[in-house]
$ cat entry_36.tsv   # TSV, C-alpha atoms
chain	number	residue	atom	x	y	z
A	1	MET	CA	143.94	105.04	60.54
A	2	GLU	CA	144.53	102.92	63.64
A	3	HIS	CA	141.32	101.39	65.05
A	4	PRO	CA	138.98	102.81	62.34
A	5	GLU	CA	135.99	101.18	64.03
A	6	THR	CA	136.50	103.44	67.03
A	7	LEU	CA	135.39	106.55	65.13
A	8	ILE	CA	132.17	104.78	64.12
A	9	LEU	CA	131.55	103.84	67.74
A	10	ILE	CA	132.24	107.40	68.86
A	11	MET	CA	129.76	108.85	66.41
A	12	ALA	CA	127.21	106.20	67.37
A	13	ALA	CA	127.67	107.27	71.00
A	14	ALA	CA	127.29	110.91	69.96
A	15	VAL	CA	123.96	110.07	68.28
A	16	LEU	CA	122.75	107.91	71.17
A	17	ALA	CA	123.60	110.51	73.84
A	18	PRO	CA	120.87	113.08	72.94
A	19	LEU	CA	118.34	110.25	72.60
A	20	LEU	CA	119.16	109.14	76.15
A	21	ALA	CA	119.09	112.74	77.39
A	22	TYR	CA	115.65	113.20	75.84
A	23	GLY	CA	114.34	109.94	77.29
A	24	PHE	CA	115.66	110.57	80.78
A	25	GLY	CA	114.56	114.21	80.59
A	26	ARG	CA	110.96	113.17	81.10
A	27	ARG	CA	111.83	111.99	84.60
A	28	VAL	CA	115.11	113.61	85.62
A	29	ARG	CA	117.32	116.12	83.88
A	30	VAL	CA	120.76	114.78	83.02
A	31	PRO	CA	123.19	117.00	81.07
A	32	LEU	CA	124.02	115.67	77.63
A	33	VAL	CA	127.75	115.68	78.37
A	34	ILE	CA	127.27	113.03	81.09
A	35	PHE	CA	125.85	110.59	78.55
A	36	GLU	CA	128.64	111.38	76.11
A	37	ILE	CA	131.35	110.71	78.69
A	38	GLY	CA	129.49	107.73	80.17
A	39	LEU	CA	129.08	106.08	76.78
A	40	GLY	CA	132.78	106.70	76.14
A	41	VAL	CA	133.65	104.89	79.39
A	42	LEU	CA	131.28	102.06	78.41
A	43	ILE	CA	132.79	101.41	74.97
A	44	GLY	CA	136.34	102.14	76.10
A	45	PRO	CA	139.03	99.82	77.49
A	46	ALA	CA	137.72	100.17	81.07
A	47	VAL	CA	134.45	98.28	80.35
A	48	LEU	CA	133.66	96.72	76.96
A	49	GLY	CA	137.02	97.34	75.30
A	50	TRP	CA	135.48	98.12	71.91
A	51	ALA	CA	137.03	101.57	71.40
A	52	HIS	CA	140.66	102.61	71.73
A	53	SER	CA	142.39	105.96	71.62
A	54	SER	CA	144.80	106.83	68.81
A	55	ARG	CA	146.83	109.80	67.66
A	56	VAL	CA	144.18	110.80	65.11
A	57	LEU	CA	141.37	110.64	67.66
A	58	ASP	CA	143.43	112.58	70.19
A	59	THR	CA	143.99	115.30	67.59
A	60	LEU	CA	140.26	115.46	66.79
A	61	ALA	CA	139.47	115.55	70.52
A	62	ASP	CA	141.91	118.45	70.97
A	63	LEU	CA	140.09	120.27	68.16
A	64	GLY	CA	136.81	119.55	69.94
A	65	LEU	CA	138.11	121.12	73.15
A	66	ALA	CA	139.41	124.09	71.18
A	67	MET	CA	136.00	124.50	69.51
A	68	LEU	CA	134.30	124.35	72.91
A	69	ILE	CA	136.51	127.15	74.26
A	70	PHE	CA	136.16	129.09	70.98
A	71	LEU	CA	132.37	129.09	71.28
A	72	ALA	CA	132.68	130.16	74.91
A	73	GLY	CA	134.83	133.09	73.81
A	74	TYR	CA	132.30	133.99	71.13
A	75	GLU	CA	129.39	133.97	73.58
A	76	LEU	CA	131.16	136.49	75.81
A	77	GLY	CA	129.93	139.93	74.79
A	78	LEU	CA	132.51	142.27	76.30
A	79	ASP	CA	130.17	145.21	75.91
A	80	GLU	CA	127.61	143.38	78.07
A	81	VAL	CA	129.86	142.26	80.93
A	82	ARG	CA	132.45	145.01	81.21
A	83	GLY	CA	132.69	147.29	84.20
A	84	GLY	CA	131.69	146.22	87.68
A	85	THR	CA	130.59	142.71	86.74
A	86	MET	CA	133.91	141.91	85.10
A	87	ARG	CA	135.86	143.38	88.02
A	88	ARG	CA	133.86	141.24	90.44
A	89	SER	CA	134.49	138.19	88.26
A	90	ALA	CA	138.24	138.79	88.17
A	91	GLY	CA	138.40	139.46	91.90
A	92	ALA	CA	136.50	136.25	92.66
A	93	TRP	CA	138.84	134.18	90.50
A	94	LEU	CA	142.02	135.68	92.00
A	95	LEU	CA	140.65	134.94	95.47
A	96	ALA	CA	139.85	131.38	94.33
A	97	LEU	CA	143.38	130.93	92.98
A	98	GLY	CA	144.95	132.00	96.29
A	99	LEU	CA	142.54	129.81	98.22
A	100	GLY	CA	143.06	126.85	95.90
A	101	LEU	CA	146.86	127.02	96.03
A	102	GLY	CA	146.78	127.42	99.81
A	103	ILE	CA	144.50	124.41	100.34
A	104	ALA	CA	146.51	122.35	97.85
A	105	LEU	CA	149.74	123.12	99.69
A	106	LEU	CA	148.15	121.92	102.93
A	107	LEU	CA	146.79	118.73	101.34
A	108	THR	CA	150.05	117.82	99.60
A	109	GLY	CA	152.44	118.68	102.42
A	110	ALA	CA	153.79	121.73	100.57
A	111	ASP	CA	154.53	119.79	97.34
A	112	ILE	CA	154.82	122.78	94.99
A	113	ASP	CA	154.45	120.95	91.66
A	114	LYS	CA	151.41	118.94	92.76
A	115	SER	CA	149.88	121.99	94.43
A	116	PHE	CA	150.08	124.02	91.22
A	117	VAL	CA	148.14	121.29	89.39
A	118	LEU	CA	145.49	120.75	92.05
A	119	GLY	CA	145.12	124.43	92.98
A	120	THR	CA	144.70	125.54	89.37
A	121	ALA	CA	142.19	122.77	88.58
A	122	LEU	CA	140.03	123.82	91.54
A	123	THR	CA	139.57	127.34	90.13
A	124	SER	CA	138.13	126.47	86.73
A	125	THR	CA	134.60	126.94	85.40
A	126	ALA	CA	133.30	124.86	82.50
A	127	LEU	CA	131.75	127.75	80.58
A	128	GLY	CA	131.89	125.79	77.33
A	129	THR	CA	130.08	122.90	79.02
A	130	ILE	CA	127.34	124.91	80.74
A	131	LEU	CA	126.70	127.14	77.70
A	132	PRO	CA	124.54	124.52	75.93
A	133	ILE	CA	122.69	123.92	79.21
A	134	LEU	CA	122.08	127.64	79.70
A	135	ARG	CA	121.09	128.11	76.07
A	136	ASP	CA	118.63	125.22	76.05
A	137	ALA	CA	117.11	126.46	79.32
A	138	GLY	CA	116.68	130.00	77.94
A	139	GLU	CA	119.12	131.48	80.47
A	140	LEU	CA	121.47	133.38	78.17
A	141	ASP	CA	119.13	136.34	77.67
A	142	GLY	CA	118.87	138.81	80.49
A	143	ARG	CA	120.88	140.01	83.45
A	144	PHE	CA	121.45	136.63	85.12
A	145	GLY	CA	122.75	135.03	81.93
A	146	ARG	CA	125.22	137.87	81.33
A	147	VAL	CA	126.53	137.58	84.89
A	148	VAL	CA	127.00	133.82	84.50
A	149	LEU	CA	128.87	134.47	81.24
A	150	ALA	CA	131.17	136.98	82.93
A	151	PHE	CA	132.06	134.78	85.90
A	152	GLY	CA	132.28	131.72	83.66
A	153	ALA	CA	134.52	133.45	81.15
A	154	VAL	CA	136.99	134.50	83.84
A	155	GLY	CA	136.80	131.00	85.31
A	156	GLU	CA	137.70	129.65	81.86
A	157	PHE	CA	140.28	132.26	80.92
A	158	GLY	CA	142.00	132.61	84.31
A	159	PRO	CA	143.11	128.96	84.61
A	160	ILE	CA	144.43	129.09	81.03
A	161	ILE	CA	146.68	131.98	82.08
A	162	ALA	CA	147.63	130.06	85.23
A	163	ILE	CA	148.55	127.03	83.10
A	164	ALA	CA	150.90	129.20	81.05
A	165	LEU	CA	152.52	130.70	84.16
A	166	LEU	CA	152.58	127.75	86.56
A	167	LEU	CA	152.54	124.57	84.47
A	168	SER	CA	154.54	125.46	81.37
A	169	GLY	CA	157.88	124.29	82.77
A	170	ARG	CA	159.43	127.70	82.02
A	171	GLN	CA	160.55	130.38	84.39
A	172	PRO	CA	157.64	132.63	85.46
A	173	VAL	CA	159.32	135.73	84.03
A	174	GLU	CA	159.75	134.07	80.65
A	175	SER	CA	156.15	132.84	80.66
A	176	ALA	CA	154.88	136.29	81.63
A	177	ALA	CA	156.88	137.90	78.81
A	178	LEU	CA	155.40	135.47	76.28
A	179	LEU	CA	151.91	136.16	77.61
A	180	VAL	CA	152.42	139.89	77.26
A	181	ALA	CA	153.64	139.44	73.68
A	182	PHE	CA	150.62	137.28	72.88
A	183	ALA	CA	148.32	139.87	74.47
A	184	VAL	CA	149.86	142.68	72.42
A	185	ILE	CA	149.37	140.79	69.17
A	186	THR	CA	145.81	139.88	70.18
A	187	ALA	CA	145.09	143.55	71.00
A	188	VAL	CA	146.31	144.54	67.53
A	189	ALA	CA	144.01	141.88	66.06
A	190	VAL	CA	141.09	143.26	68.11
A	191	LEU	CA	141.76	146.75	66.74
A	192	TRP	CA	141.79	145.28	63.25
A	193	ALA	CA	138.52	143.44	63.92
A	194	LEU	CA	136.90	146.68	65.12
A	195	ARG	CA	137.66	148.47	61.86
A	196	PRO	CA	134.63	148.98	59.59
A	197	ARG	CA	134.46	146.21	57.00
A	198	ARG	CA	134.31	147.14	53.33
A	199	PRO	CA	130.94	146.59	51.59
A	200	TRP	CA	132.34	143.70	49.58
A	201	PHE	CA	132.94	141.72	52.77
A	202	ALA	CA	129.28	141.63	53.82
A	203	ASP	CA	128.23	141.09	50.23
A	204	LEU	CA	130.56	138.08	49.84
A	205	VAL	CA	129.35	136.62	53.13
A	206	ALA	CA	125.72	136.89	51.99
A	207	ARG	CA	126.42	135.57	48.48
A	208	THR	CA	128.26	132.45	49.66
A	209	LEU	CA	126.18	131.69	52.75
A	210	HIS	CA	124.20	129.00	50.94
A	211	THR	CA	126.77	127.94	48.35
A	212	SER	CA	129.82	125.70	48.39
A	213	GLY	CA	131.96	128.82	48.88
A	214	GLN	CA	130.97	129.35	52.56
A	215	PHE	CA	133.33	132.33	52.79
A	216	ALA	CA	132.29	133.34	56.32
A	217	VAL	CA	132.70	129.86	57.80
A	218	ARG	CA	136.10	129.48	56.14
A	219	PHE	CA	137.12	132.90	57.43
A	220	VAL	CA	136.09	131.94	60.98
A	221	MET	CA	138.11	128.72	60.74
A	222	LEU	CA	141.09	130.75	59.52
A	223	LEU	CA	140.82	133.00	62.57
A	224	LEU	CA	140.58	130.01	64.89
A	225	PHE	CA	143.57	128.14	63.47
A	226	SER	CA	145.62	131.33	63.21
A	227	MET	CA	145.14	132.01	66.92
A	228	LEU	CA	145.85	128.37	67.76
A	229	ALA	CA	149.06	128.57	65.75
A	230	LEU	CA	150.00	131.86	67.40
A	231	SER	CA	149.58	130.42	70.89
A	232	ALA	CA	151.61	127.36	69.87
A	233	ALA	CA	154.36	129.57	68.45
A	234	PHE	CA	154.63	131.32	71.82
A	235	GLY	CA	154.61	127.99	73.66
A	236	LEU	CA	151.26	128.80	75.30
A	237	ASP	CA	148.29	126.51	75.76
A	238	ALA	CA	146.11	126.21	72.66
A	239	LEU	CA	143.01	127.02	74.73
A	240	LEU	CA	144.26	130.59	75.10
A	241	GLY	CA	144.30	130.98	71.33
A	242	ALA	CA	140.87	129.37	70.98
A	243	PHE	CA	139.30	131.75	73.49
A	244	ALA	CA	140.89	134.78	71.82
A	245	ALA	CA	139.67	133.55	68.42
A	246	GLY	CA	136.10	133.42	69.75
A	247	LEU	CA	136.30	137.03	70.91
A	248	LEU	CA	137.75	138.14	67.56
A	249	THR	CA	135.11	136.26	65.59
A	250	ARG	CA	132.31	138.00	67.48
A	251	LEU	CA	133.82	141.39	66.62
A	252	VAL	CA	134.32	140.50	62.95
A	253	LEU	CA	130.82	139.11	62.47
A	254	ALA	CA	129.36	142.25	64.05
A	255	ALA	CA	130.07	143.84	60.66
A	256	VAL	CA	127.53	141.50	59.02
A	257	PRO	CA	124.56	141.63	61.43
A	258	GLY	CA	122.17	140.24	58.85
A	259	SER	CA	124.19	137.02	58.49
A	260	SER	CA	126.08	136.66	61.77
A	261	GLU	CA	123.50	134.42	63.49
A	262	GLU	CA	123.35	132.06	60.52
A	263	VAL	CA	127.15	131.93	60.29
A	264	LEU	CA	127.36	131.15	64.00
A	265	GLY	CA	124.72	128.45	63.52
A	266	LYS	CA	126.89	126.77	60.90
A	267	VAL	CA	129.96	126.91	63.15
A	268	GLU	CA	127.94	125.58	66.10
A	269	ALA	CA	126.65	122.75	63.92
A	270	MET	CA	130.25	121.80	63.15
A	271	GLY	CA	131.21	122.09	66.82
A	272	PHE	CA	128.25	120.62	68.70
A	273	GLY	CA	127.42	118.22	65.89
A	274	PHE	CA	130.85	116.62	65.58
A	275	LEU	CA	133.93	117.96	67.35
A	276	VAL	CA	132.58	118.73	70.84
A	277	PRO	CA	130.77	115.40	71.39
A	278	LEU	CA	133.83	113.62	70.02
A	279	PHE	CA	135.95	115.35	72.68
A	280	PHE	CA	133.64	114.24	75.49
A	281	VAL	CA	133.30	110.66	74.23
A	282	VAL	CA	137.08	110.36	73.86
A	283	THR	CA	137.41	111.77	77.39
A	284	GLY	CA	135.27	108.85	78.55
A	285	ILE	CA	137.27	106.34	76.51
A	286	GLU	CA	140.53	107.56	78.05
A	287	PHE	CA	139.14	107.90	81.58
A	288	ASP	CA	141.13	105.69	83.97
A	289	LEU	CA	138.25	103.92	85.67
A	290	ASP	CA	140.54	101.25	87.12
A	291	ALA	CA	142.57	103.89	88.96
A	292	LEU	CA	139.36	105.28	90.44
A	293	LEU	CA	137.94	101.94	91.53
A	294	SER	CA	141.10	100.04	92.46
A	295	GLY	CA	141.66	101.69	95.82
A	296	GLY	CA	139.75	103.44	98.55
A	297	ARG	CA	141.85	106.62	98.43
A	298	ALA	CA	140.79	107.63	94.91
A	299	LEU	CA	137.11	107.10	95.69
A	300	LEU	CA	137.41	109.10	98.90
A	301	LEU	CA	139.05	111.92	96.96
A	302	VAL	CA	136.03	112.31	94.64
A	303	PRO	CA	133.66	113.82	97.26
A	304	THR	CA	136.61	115.73	98.72
A	305	PHE	CA	137.39	117.39	95.40
A	306	LEU	CA	133.69	117.97	94.73
A	307	LEU	CA	133.40	119.85	98.01
A	308	LEU	CA	136.59	121.79	97.23
A	309	PHE	CA	135.13	122.93	93.90
A	310	LEU	CA	132.35	124.57	95.87
A	311	VAL	CA	134.65	125.98	98.56
A	312	VAL	CA	137.50	127.20	96.35
A	313	ARG	CA	135.55	128.39	93.30
A	314	GLY	CA	131.99	128.72	94.57
A	315	LEU	CA	132.41	130.69	97.79
A	316	PRO	CA	134.44	133.56	96.22
A	317	VAL	CA	131.80	133.79	93.46
A	318	LEU	CA	129.03	133.88	96.06
A	319	TRP	CA	130.89	136.65	97.90
A	320	ALA	CA	131.51	138.67	94.72
A	321	ALA	CA	128.07	138.17	93.11
A	322	PRO	CA	126.38	141.44	92.07
A	323	ARG	CA	124.08	142.72	94.78
A	324	ASP	CA	121.15	143.19	92.40
A	325	LEU	CA	120.82	139.39	92.10
A	326	THR	CA	118.39	137.66	94.42
A	327	VAL	CA	119.59	135.10	96.96
A	328	PRO	CA	118.46	132.12	94.79
A	329	GLU	CA	120.18	133.70	91.78
A	330	ARG	CA	123.43	134.05	93.73
A	331	GLY	CA	123.19	130.42	94.76
A	332	ALA	CA	122.58	129.40	91.14
A	333	LEU	CA	125.54	131.53	90.03
A	334	MET	CA	127.75	129.82	92.63
A	335	LEU	CA	126.71	126.38	91.38
A	336	HIS	CA	127.22	127.24	87.71
A	337	ALA	CA	130.65	128.73	88.43
A	338	SER	CA	131.66	125.60	90.40
A	339	THR	CA	130.81	123.35	87.45
A	340	CYS	CA	134.00	122.20	85.76
A	341	LEU	CA	135.36	119.53	83.43
A	342	PRO	CA	137.25	120.42	80.21
A	343	LEU	CA	140.03	122.37	81.90
A	344	VAL	CA	140.24	119.80	84.69
A	345	VAL	CA	140.86	117.18	82.00
A	346	ALA	CA	143.47	119.40	80.35
A	347	ILE	CA	145.22	120.29	83.62
A	348	THR	CA	145.31	116.72	84.92
A	349	THR	CA	146.68	115.56	81.55
A	350	ILE	CA	149.52	118.07	81.89
A	351	GLY	CA	150.09	116.93	85.47
A	352	LEU	CA	150.26	113.27	84.46
A	353	ASP	CA	152.54	113.95	81.49
A	354	ASP	CA	154.95	115.87	83.74
A	355	ASP	CA	154.67	113.33	86.61
A	356	ARG	CA	153.34	116.03	88.94
A	357	ILE	CA	150.31	114.03	90.13
A	358	GLY	CA	149.39	110.36	90.34
A	359	THR	CA	146.82	108.49	88.26
A	360	ASP	CA	144.53	108.07	91.27
A	361	GLU	CA	144.49	111.82	91.96
A	362	ALA	CA	143.91	112.59	88.27
A	363	ALA	CA	141.05	110.08	88.06
A	364	ALA	CA	139.49	111.47	91.25
A	365	LEU	CA	139.70	115.05	89.96
A	366	VAL	CA	138.10	114.15	86.62
A	367	GLY	CA	135.51	111.99	88.38
A	368	ALA	CA	134.57	114.84	90.72
A	369	ALA	CA	134.38	117.21	87.74
A	370	MET	CA	131.98	114.85	85.98
A	371	VAL	CA	129.81	114.73	89.09
A	372	SER	CA	129.85	118.54	89.19
A	373	VAL	CA	128.53	118.65	85.62
A	374	LEU	CA	125.79	116.20	86.55
A	375	VAL	CA	124.71	117.81	89.83
A	376	PHE	CA	125.52	121.52	89.99
A	377	PRO	CA	123.68	122.81	86.85
A	378	LEU	CA	120.64	120.74	87.84
A	379	LEU	CA	120.55	122.34	91.28
A	380	ALA	CA	121.18	125.78	89.77
A	381	LEU	CA	118.23	125.49	87.39
A	382	ARG	CA	115.99	124.34	90.23
A	383	LEU	CA	116.99	127.42	92.21
A	384	ARG	CA	116.20	129.59	89.19
A	385	ARG	CA	112.78	128.01	88.74
A	386	ARG	CA	111.96	128.64	92.38
A	387	ALA	CA	113.00	132.27	91.86
A	388	GLY	CA	110.68	132.55	88.85
A	389	GLY	CA	113.47	132.42	86.24
A	390	PRO	CA	113.67	130.41	82.98
A	391	GLY	CA	114.36	126.70	82.81
A	392	GLY	CA	110.89	125.27	83.02
A	393	ALA	CA	109.70	121.84	82.03
A	394	GLU	CA	109.54	122.71	78.35
A	395	ASN	CA	113.35	122.73	78.15
A	396	GLU	CA	114.07	119.03	78.58
A	397	THR	CA	116.64	118.24	75.91
A	398	TRP	CA	119.98	119.18	77.40
$ encode --input "entry_36.tsv" --output "C-alpha cells"
Amino acid sequence: MEHPETLILIMAAAVLAPLLAYGFGRRVRVPLVIFEIGLGVLIGPAVLGWAHSSRVLDTLADLGLAMLIFLAGYELGLDEVRGGTMRRSAGAWLLALGLGLGIALLLTGADIDKSFVLGTALTSTALGTILPILRDAGELDGRFGRVVLAFGAVGEFGPIIAIALLLSGRQPVESAALLVAFAVITAVAVLWALRPRRPWFADLVARTLHTSGQFAVRFVMLLLFSMLALSAAFGLDALLGAFAAGLLTRLVLAAVPGSSEEVLGKVEAMGFGFLVPLFFVVTGIEFDLDALLSGGRALLLVPTFLLLFLVVRGLPVLWAAPRDLTVPERGALMLHASTCLPLVVAITTIGLDDDRIGTDEAAALVGAAMVSVLVFPLLALRLRRRAGGPGGAENETW
C-alpha cells in the first residue's frame, strides 16, 4: 500500500475528532464533520504534509460516501413522509434546480457546462451529514424530524438524478432511458423486499446476530454492493445505488422487527466508526487549500456561494414548508436543507475531472459547503430550542 502511514494518521484524526467535538461542545457546538475535515487539511499536503492520498484511500473514501448515502436512504421511512410532505419536497427541489441553473447561467456568462456543475451543486442537501447531528440532538422523532428527512432526502436524491442527466457526458435521452431501466429494476427489488420473509430468515438473523456468522450484516452488505454494481453497470453515479440500497434494506429488515435495530447498529458502527470519518478526513487531505488562499477571487466566492445555498436551496424550502410548522421550525428546516457537503464534493470532482470548472471555483464551493455544515445546523438547533423543541444542552457530542 502506498503511504501506509497515512491510514494510521487518518484513523488517529478520526479518534481525535470526537474528543475535540466533546471538548469544544462545552463552550460552542461544532459539528463533528468539521473537525474531521479540518484535521484532514492539517495533516494533508496543504499544511503539514504528513498524509497523502492514494488509490486505496480514494476507494475507501468512496465507500465511506456510499455508506453515508446508504444510511440516509435507510433513515427515510417512505410510509412516514409520503403524500403532501413528499410532494412539497419534490416541488421545492425542482424550483431550486431551475433557480440554480438560471443563476449559474448568469454568473458564468451562459457557459452551459460550468452552469450545470454550479447549478446542480447549489441544490443539494447533506442529509447524510446532518443525520448524526439530528440524531444526537433528538430531532429524528416527531413531525419536524420527518419533514427534515423528506426535504433532505429529495435534496440528496434529486442532485444524484441531475448528475446522471446533466453531468454524465451522455445524451439526455440516453441518460433518461438508463435511469428508467434502473428505476424499473429497483421497483422490482422493492416488490421483492415487501414480500413476507420465511420464518427461517428471521430465525437465522437472530441465531447469528452475536456469532461470527453475522448473516444480517452480510446480507445488508450484499444489498449495498449489488445496488452499487447495478448503478455502475448502467453508467450511473454510485450514490444512486447506495441510496436505493438503504431504502431496500429498511424494507427487508422490517421483516425482523426484533433484531432490526441491533442490525442497523452494527452497520452504523461500521459506517460511522470507520468508513464515514475516513471519507471526511480524506476530503480534508485532498482539499485544495492553496487554490482557495492564493487569490482574492476564490475567497470572495466562498461567501457568495454560501449565500446562494440559502437563496437557491433554502428559499424554495421555506416557501414549500408544511403550514403546520411554526415560523422558527420553518426557519430551522430552511437552514438544515441548505446544509451541504458530500454531493458538493462529488459534483465538483466530476467538474474538475471533465474540465468544466476551475480549481478556484471548486475550492470555493467546497469551502462554502464546509462553512454551511459549521453554521447552518447550529443556527437551526438554536431556532428549535427557542421554539421549545429538542436539542438542549444535554446533547453536546455532535
$ residues_around --input "entry_36.tsv" --residues "Val188 (chain A)" --least-positions-apart "6" --cutoff "12 Å" --atoms "all atoms listed in the file" --output "number ranges by chain"
A: 181-182, 194-195, 244, 248
$ atom_distance --input "entry_36.tsv" --atom1 "CA of Leu236 (chain A)" --atom2 "CA of Val371 (chain A)"
29.1 Å
$ residues_around --input "entry_36.tsv" --residues "Gly145 (chain A)" --least-positions-apart "6" --cutoff "9 Å" --atoms "all atoms listed in the file" --output "list in words"
Leu134, Gly138 and Glu139 of chain A
$ residues_around --input "entry_36.tsv" --residues "region 272-289 of chain A" --least-positions-apart "6" --cutoff "10 Å" --atoms "only C-alpha atoms" --output "ChimeraX atom specification"
/A:6-7,9-11,13-15,17,32-47,49-54,57-69,71,128-129,132,266,341-342,345,359-360,362-364,366-367
$ write_last_selection --input "entry_36.tsv" --atoms "C-alpha atoms" --output "tab-separated table (two decimals), in the coordinates of the input"
chain	number	residue	atom	x	y	z
A	6	THR	CA	136.50	103.44	67.03
A	7	LEU	CA	135.39	106.55	65.13
A	9	LEU	CA	131.55	103.84	67.74
A	10	ILE	CA	132.24	107.40	68.86
A	11	MET	CA	129.76	108.85	66.41
A	13	ALA	CA	127.67	107.27	71.00
A	14	ALA	CA	127.29	110.91	69.96
A	15	VAL	CA	123.96	110.07	68.28
A	17	ALA	CA	123.60	110.51	73.84
A	32	LEU	CA	124.02	115.67	77.63
A	33	VAL	CA	127.75	115.68	78.37
A	34	ILE	CA	127.27	113.03	81.09
A	35	PHE	CA	125.85	110.59	78.55
A	36	GLU	CA	128.64	111.38	76.11
A	37	ILE	CA	131.35	110.71	78.69
A	38	GLY	CA	129.49	107.73	80.17
A	39	LEU	CA	129.08	106.08	76.78
A	40	GLY	CA	132.78	106.70	76.14
A	41	VAL	CA	133.65	104.89	79.39
A	42	LEU	CA	131.28	102.06	78.41
A	43	ILE	CA	132.79	101.41	74.97
A	44	GLY	CA	136.34	102.14	76.10
A	45	PRO	CA	139.03	99.82	77.49
A	46	ALA	CA	137.72	100.17	81.07
A	47	VAL	CA	134.45	98.28	80.35
A	49	GLY	CA	137.02	97.34	75.30
A	50	TRP	CA	135.48	98.12	71.91
A	51	ALA	CA	137.03	101.57	71.40
A	52	HIS	CA	140.66	102.61	71.73
A	53	SER	CA	142.39	105.96	71.62
A	54	SER	CA	144.80	106.83	68.81
A	57	LEU	CA	141.37	110.64	67.66
A	58	ASP	CA	143.43	112.58	70.19
A	59	THR	CA	143.99	115.30	67.59
A	60	LEU	CA	140.26	115.46	66.79
A	61	ALA	CA	139.47	115.55	70.52
A	62	ASP	CA	141.91	118.45	70.97
A	63	LEU	CA	140.09	120.27	68.16
A	64	GLY	CA	136.81	119.55	69.94
A	65	LEU	CA	138.11	121.12	73.15
A	66	ALA	CA	139.41	124.09	71.18
A	67	MET	CA	136.00	124.50	69.51
A	68	LEU	CA	134.30	124.35	72.91
A	69	ILE	CA	136.51	127.15	74.26
A	71	LEU	CA	132.37	129.09	71.28
A	128	GLY	CA	131.89	125.79	77.33
A	129	THR	CA	130.08	122.90	79.02
A	132	PRO	CA	124.54	124.52	75.93
A	266	LYS	CA	126.89	126.77	60.90
A	341	LEU	CA	135.36	119.53	83.43
A	342	PRO	CA	137.25	120.42	80.21
A	345	VAL	CA	140.86	117.18	82.00
A	359	THR	CA	146.82	108.49	88.26
A	360	ASP	CA	144.53	108.07	91.27
A	362	ALA	CA	143.91	112.59	88.27
A	363	ALA	CA	141.05	110.08	88.06
A	364	ALA	CA	139.49	111.47	91.25
A	366	VAL	CA	138.10	114.15	86.62
A	367	GLY	CA	135.51	111.99	88.38
$ residues_around --input "entry_36.tsv" --residues "Ala254 (chain A)" --least-positions-apart "3" --cutoff "12 Å" --atoms "only C-alpha atoms" --output "JSON, numbers by chain"
{"A": [74, 77, 193, 194, 195, 196, 197, 201, 202, 247, 248, 249, 250, 251, 257, 258, 259, 260, 261, 263, 264]}
$ atom_distance --input "entry_36.tsv" --atom1 "CA of Ala189 (chain A)" --atom2 "CA of Val252 (chain A)"
10.3 Å
$ residues_around --input "entry_36.tsv" --residues "region 376-381 of chain A" --least-positions-apart "6" --cutoff "8 Å" --atoms "all atoms listed in the file" --output "JSON list (two decimals) with C-alpha atoms, in the coordinates of the input"
[["chain", "number", "residue", "atom", "x", "y", "z"],
["A", 29, "ARG", "CA", 117.32, 116.12, 83.88],
["A", 30, "VAL", "CA", 120.76, 114.78, 83.02],
["A", 130, "ILE", "CA", 127.34, 124.91, 80.74],
["A", 133, "ILE", "CA", 122.69, 123.92, 79.21],
["A", 331, "GLY", "CA", 123.19, 130.42, 94.76],
["A", 332, "ALA", "CA", 122.58, 129.40, 91.14],
["A", 333, "LEU", "CA", 125.54, 131.53, 90.03],
["A", 335, "LEU", "CA", 126.71, 126.38, 91.38],
["A", 336, "HIS", "CA", 127.22, 127.24, 87.71],
["A", 338, "SER", "CA", 131.66, 125.60, 90.40],
["A", 339, "THR", "CA", 130.81, 123.35, 87.45],
["A", 391, "GLY", "CA", 114.36, 126.70, 82.81]]
$ closest_residue --input "entry_36.tsv" --among "A:Leu224, A:Asp355, A:Ala346, A:Phe151" --to "Phe70 (chain A)" --atoms "all atoms listed in the file"
A:Leu224
$ closest_residue --input "entry_36.tsv" --among "A:Ile347, A:Ala21, A:Glu262, A:Pro31" --to "Thr208 (chain A)" --atoms "all atoms listed in the file"
A:Glu262
$ atom_distance --input "entry_36.tsv" --atom1 "CA of Cys340 (chain A)" --atom2 "CA of Ser372 (chain A)"
6.5 Å
$ closest_residue --input "entry_36.tsv" --among "A:Met86, A:Ala369, A:Ala255, A:Leu383" --to "Pro328 (chain A)" --atoms "all atoms listed in the file"
A:Leu383
$ residues_near_point --input "entry_36.tsv" --point "(139.6, 130.7, 82.5)" --cutoff "9 Å" --atoms "only C-alpha atoms" --output "PyMOL selection string"
chain A and resi 93+123-127+152-162+240+343
$ write_last_selection --input "entry_36.tsv" --atoms "C-alpha atoms" --output "PDB file, in the frame of the given file"
ATOM      1  CA  TRP A  93     138.840 134.180  90.500  1.00  0.00           C
ATOM      2  CA  THR A 123     139.570 127.340  90.130  1.00  0.00           C
ATOM      3  CA  SER A 124     138.130 126.470  86.730  1.00  0.00           C
ATOM      4  CA  THR A 125     134.600 126.940  85.400  1.00  0.00           C
ATOM      5  CA  ALA A 126     133.300 124.860  82.500  1.00  0.00           C
ATOM      6  CA  LEU A 127     131.750 127.750  80.580  1.00  0.00           C
ATOM      7  CA  GLY A 152     132.280 131.720  83.660  1.00  0.00           C
ATOM      8  CA  ALA A 153     134.520 133.450  81.150  1.00  0.00           C
ATOM      9  CA  VAL A 154     136.990 134.500  83.840  1.00  0.00           C
ATOM     10  CA  GLY A 155     136.800 131.000  85.310  1.00  0.00           C
ATOM     11  CA  GLU A 156     137.700 129.650  81.860  1.00  0.00           C
ATOM     12  CA  PHE A 157     140.280 132.260  80.920  1.00  0.00           C
ATOM     13  CA  GLY A 158     142.000 132.610  84.310  1.00  0.00           C
ATOM     14  CA  PRO A 159     143.110 128.960  84.610  1.00  0.00           C
ATOM     15  CA  ILE A 160     144.430 129.090  81.030  1.00  0.00           C
ATOM     16  CA  ILE A 161     146.680 131.980  82.080  1.00  0.00           C
ATOM     17  CA  ALA A 162     147.630 130.060  85.230  1.00  0.00           C
ATOM     18  CA  LEU A 240     144.260 130.590  75.100  1.00  0.00           C
ATOM     19  CA  LEU A 343     140.030 122.370  81.900  1.00  0.00           C
TER      20      LEU A 343
END
$ closest_residue --input "entry_36.tsv" --among "A:Leu48, A:Val147, A:Met227, A:Leu107" --to "Arg87 (chain A)" --atoms "all atoms listed in the file"
A:Val147
$ closest_residue --input "entry_36.tsv" --among "A:Ala176, A:Leu166, A:Ala121, A:Met221" --to "Thr348 (chain A)" --atoms "only C-alpha atoms"
A:Ala121
